[in-house]
Amino acid sequence: MIAFLLLPQSATGRWLAAAMLALCAALLHRPVDAQTRDADGPRQQTESPYFLVRGAATGVDQLPLKGTEVSVQVSGVIAEVRVVQHYRNEGQAAIEADYVFPGSTRAAVGGLQVRLGERVVTAQIREKQQARIEFAAAKQEGRTAALLEQHRSNVFQMRVANILPGDDVQVELRYTELLLPQDGRYAFVFPTVVGPRYAHAASQGGATWAAQPTLRAGEPPASRFTLQMQLDAPLPLQDIRSRTHAIDVVQTQERPRHASVRLAEGRGPANDRDFVLDYGLAGDELAAGLLLSEGRGPNAENFFLALVAPPKAVAATQIAPREYIFVVDISGSMHGFPLDTAKAMLQRLLKGMRPGDRFNVLLFSGSSRMLAPQSVPATQAHIARALAALDQTMGAGGTELIPALRRVYDQPKAPAVARTIVVVTDGYVTVEQEAFALVRRHLNQANLFAFGIGSAVNRALLEGLARAGGGEPFVITDPVQAPEQAARFRRMVESPVLTGVQLQFEGLDVYDLEPAVQPDVLGERPVVVFGKWRGQPQGRMRVQGHTAAGPWAQSVEVQPAPPGQAAALPALWARHRIAQLADQEALEGGDAQRAAITQLGLDYALLTPYTSFIAVDQVVRNPAPGASRHVQQPQPLPQGVEESALAIAGAEVPSTPEPETLGAVLLVLSVLAMLRRRAQRTRNRSFTR
């Protein structure tokens, strides 16, 4: 935009113009503004994902993962998942393969085994550092070994050492998870790809796993992906659908409570976005009841799971005025479909506010800016101004979430107003713990809801933010879902919470409840309680509290566990306790809960941040393990994410120029234009003489 200017003819003018052009370029390309530097200290290099460069090592198979097979068995409200990864070395050199892959945020990963030819090696759970020592020793000795580690609650890394040319290694992992109804519908999510994470190396979130190789946009994954499900429900299944993938469903009138689902063939890549399937049950019944697990042996423990339907919503006129602050991610990974969808969704949310509400909008990437110094009334003029600002926004730059959240919590708040913070992002950052701690510290100031937009969002960040902020996560994988999720958000925040929640057990001796203290309950989602019990399985549980309409209560009778479901409850209880301890650790800082989390992982054979699965073949197969080549299996670029979300590994990610930057650039351009006019007048006078 500055190439059209004519440079002054004098030496001084040319020097001044050149200096100003250099200043202009520096301002436009600066990576972060002063505000962010002040908040976070000196900016360092980031650990960024990068594009795979083929042919870098002759004879080395850079794509050893040949396929992933997923099979799911859903029984009632519990899903048991089996994932088999096939690794085959089609090169001429022995390799060690690393593969970063996603998982469910609710998964209790409790099993791993490796099949090498006719031999099957069952993995053992170990303390994380001990597992790494055993893996390194096996690799050095030439034994085939597999190590499964957890980097985030939804990000795992598989390392397989000593894969010889021609080897076909199958690594199988198993996990269970709880399916919770929302609006009367159940949903199962299987993430297939880890989106490119923006990692600020100076923060706790700096992580080498984030610097993963990625395929170019439009390049299909080289590995095959299959998924099949078996659904068994207590009531007839209705309206089985997937909005993310084409599926084939088999269901008969003779067996309405059972259905088989698999991915439809010939529909292009399936593992560049989350697989999401949801279904309804006949009637109005939600999963209300107690699910019991009775242990065996003299020292065995008994577990239970309780799901209780929340109260109905009341008229919006009975709800006090609220304040909403929308925190919108406009970083590079949001460019295109995610940001366009965010704009459309925010338009619906803003237009749906009541006249007595107040709101503000904060846009953030490498830095942040707010619509107004403080929240403004939800008038048509203010809403129109906010929508105009959103329309002029394009995604670019890094994702500095922590400074944005700090700026929101620094906003003054009226004591009588209920504040709700709405974070809109794809979650491609690695600062989950810092974010959870920050939100939890300010829970008395505001509830926080998280909207994730994209085909493979960081669900761990979104669910953790909502859990820490007493809100609810929302995920939008395609533009069609935006109106539906916006409407669900409005129904939830306009519904009365169930406050003063109390649980009373009559006839059942319970202990170790998770959560220990029941929080306020939002509308349209169930109460979920894990725990242990002693004695005989009898009696009932009574849940009571208060809504805007008055007292509310519901009783749940003790029910025997359906066959096949009870075995998963110990792992699910432990997984829930581990999540609570991890949240507490993030709030306190450091690793104060390391010992407790490690012991739970060892006692219940679960993958945790401090425990790992290690499987070692006893046969020495590689006589020259030192010559093995290290290979990082690349990720596909998530559907809808553009290449601007990636950078050279370790390179600086530029931010979007902020208003003060653009103002400085305009000043430089104005001076250049003045110099051009002065040079033109000088030439005209010389010509007249």
# chains A, B, ... in the order shown; residues from 1 in each chain; ligands from 1
>>> select_by_dssp(residues="region 296-477 of chain A", states="strand (DSSP E)", output="PyMOL selection string")
chain A and resi 302-308+322-329+358-364+368-370+376-377+418-425+447-453+473-476
>>> closest_residue(among="A:Ser260, A:Gln554, A:Thr244, A:Thr420", to="Val72 (chain A)", atoms="only C-alpha atoms")
A:Ser260
>>> residues_around(residues="region 632-644 of chain A", least_positions_apart="4", cutoff="6 Å", atoms="only C-alpha atoms", output="PyMOL selection string")
chain A and resi 63+97-99+213-215+217+221+272-273+332+337+455
>>> closest_residue(among="A:Asn154, A:Gln599, A:Glu301, A:Asp617", to="Gln113 (chain A)", atoms="only C-alpha atoms")
A:Asp617
>>> atom_distance(atom1="CA of Gln502 (chain A)", atom2="CA of Leu180 (chain A)")
20.9 Å
>>> residues_around(residues="Asp167 (chain A)", least_positions_apart="6", cutoff="12 Å", atoms="only C-alpha atoms", output="NGL selection string")
:A and (61 or 64-66 or 86-96 or 115-117 or 144 or 160-161 or 621-622)
>>> residues_around(residues="region 339-356 of chain A", least_positions_apart="4", cutoff="9 Å", atoms="only C-alpha atoms", output="PyMOL selection string")
chain A and resi 320-322+326+328-330+333-335+377-380+383+386-387+390-391+393-395+424-425+451+453-454+476+478-480+482-483+485-487+489-490
>>> atom_distance(atom1="CA of Val620 (chain A)", atom2="CA of Pro165 (chain A)")
15.0 Å
>>> atom_distance(atom1="CA of Arg358 (chain A)", atom2="CA of Ser375 (chain A)")
5.8 Å
>>> select_by_dssp(residues="region 192-422 of chain A", states="alpha helix (DSSP H)", output="ChimeraX atom specification")
/A:337-351,380-391,401-409
>>> write_last_selection(atoms="C-alpha atoms", output="mmCIF file, in the first residue's frame")
data_model
loop_
_atom_site.group_PDB
_atom_site.id
_atom_site.type_symbol
_atom_site.label_atom_id
_atom_site.label_comp_id
_atom_site.auth_asym_id
_atom_site.auth_seq_id
_atom_site.Cartn_x
_atom_site.Cartn_y
_atom_site.Cartn_z
ATOM 1 C CA PHE A 337 -14.566 -21.249 8.776
ATOM 2 C CA PRO A 338 -13.960 -20.974 12.567
ATOM 3 C CA LEU A 339 -13.957 -17.172 12.658
ATOM 4 C CA ASP A 340 -16.812 -16.867 10.157
ATOM 5 C CA THR A 341 -18.870 -19.242 12.291
ATOM 6 C CA ALA A 342 -17.920 -17.355 15.449
ATOM 7 C CA LYS A 343 -19.165 -14.108 13.920
ATOM 8 C CA ALA A 344 -22.491 -15.667 12.927
ATOM 9 C CA MET A 345 -22.945 -17.217 16.362
ATOM 10 C CA LEU A 346 -22.079 -14.006 18.195
ATOM 11 C CA GLN A 347 -24.527 -12.128 16.020
ATOM 12 C CA ARG A 348 -27.293 -14.431 17.269
ATOM 13 C CA LEU A 349 -26.172 -14.182 20.875
ATOM 14 C CA LEU A 350 -25.901 -10.390 20.829
ATOM 15 C CA LYS A 351 -29.266 -9.935 19.170
ATOM 16 C CA GLN A 380 -29.364 -1.733 19.061
ATOM 17 C CA ALA A 381 -26.662 0.887 18.489
ATOM 18 C CA HIS A 382 -24.113 -0.851 20.691
ATOM 19 C CA ILE A 383 -24.922 -4.254 19.210
ATOM 20 C CA ALA A 384 -24.561 -2.847 15.681
ATOM 21 C CA ARG A 385 -21.174 -1.379 16.609
ATOM 22 C CA ALA A 386 -19.978 -4.727 17.991
ATOM 23 C CA LEU A 387 -21.134 -6.605 14.894
ATOM 24 C CA ALA A 388 -19.403 -4.088 12.633
ATOM 25 C CA ALA A 389 -16.135 -4.583 14.541
ATOM 26 C CA LEU A 390 -16.468 -8.348 14.167
ATOM 27 C CA ASP A 391 -17.142 -8.089 10.432
ATOM 28 C CA LEU A 401 -5.199 -16.470 25.912
ATOM 29 C CA ILE A 402 -3.826 -15.749 29.395
ATOM 30 C CA PRO A 403 -3.344 -11.959 28.927
ATOM 31 C CA ALA A 404 -6.837 -11.768 27.410
ATOM 32 C CA LEU A 405 -8.426 -13.490 30.413
ATOM 33 C CA ARG A 406 -6.478 -11.282 32.814
ATOM 34 C CA ARG A 407 -7.761 -8.193 31.052
ATOM 35 C CA VAL A 408 -11.357 -9.416 31.361
ATOM 36 C CA TYR A 409 -11.078 -10.155 35.070
#
>>> closest_residue(among="A:Glu254, A:Asp239, A:Asp583, A:Glu118", to="Leu438 (chain A)", atoms="only C-alpha atoms")
A:Asp583
>>> closest_residue(among="A:Leu465, A:Ile614, A:Val60, A:Ile597", to="Gln129 (chain A)", atoms="only C-alpha atoms")
A:Ile614
>>> closest_residue(among="A:Asp248, A:Asp603, A:Glu172, A:Glu400", to="Ala615 (chain A)", atoms="only C-alpha atoms")
A:Glu172
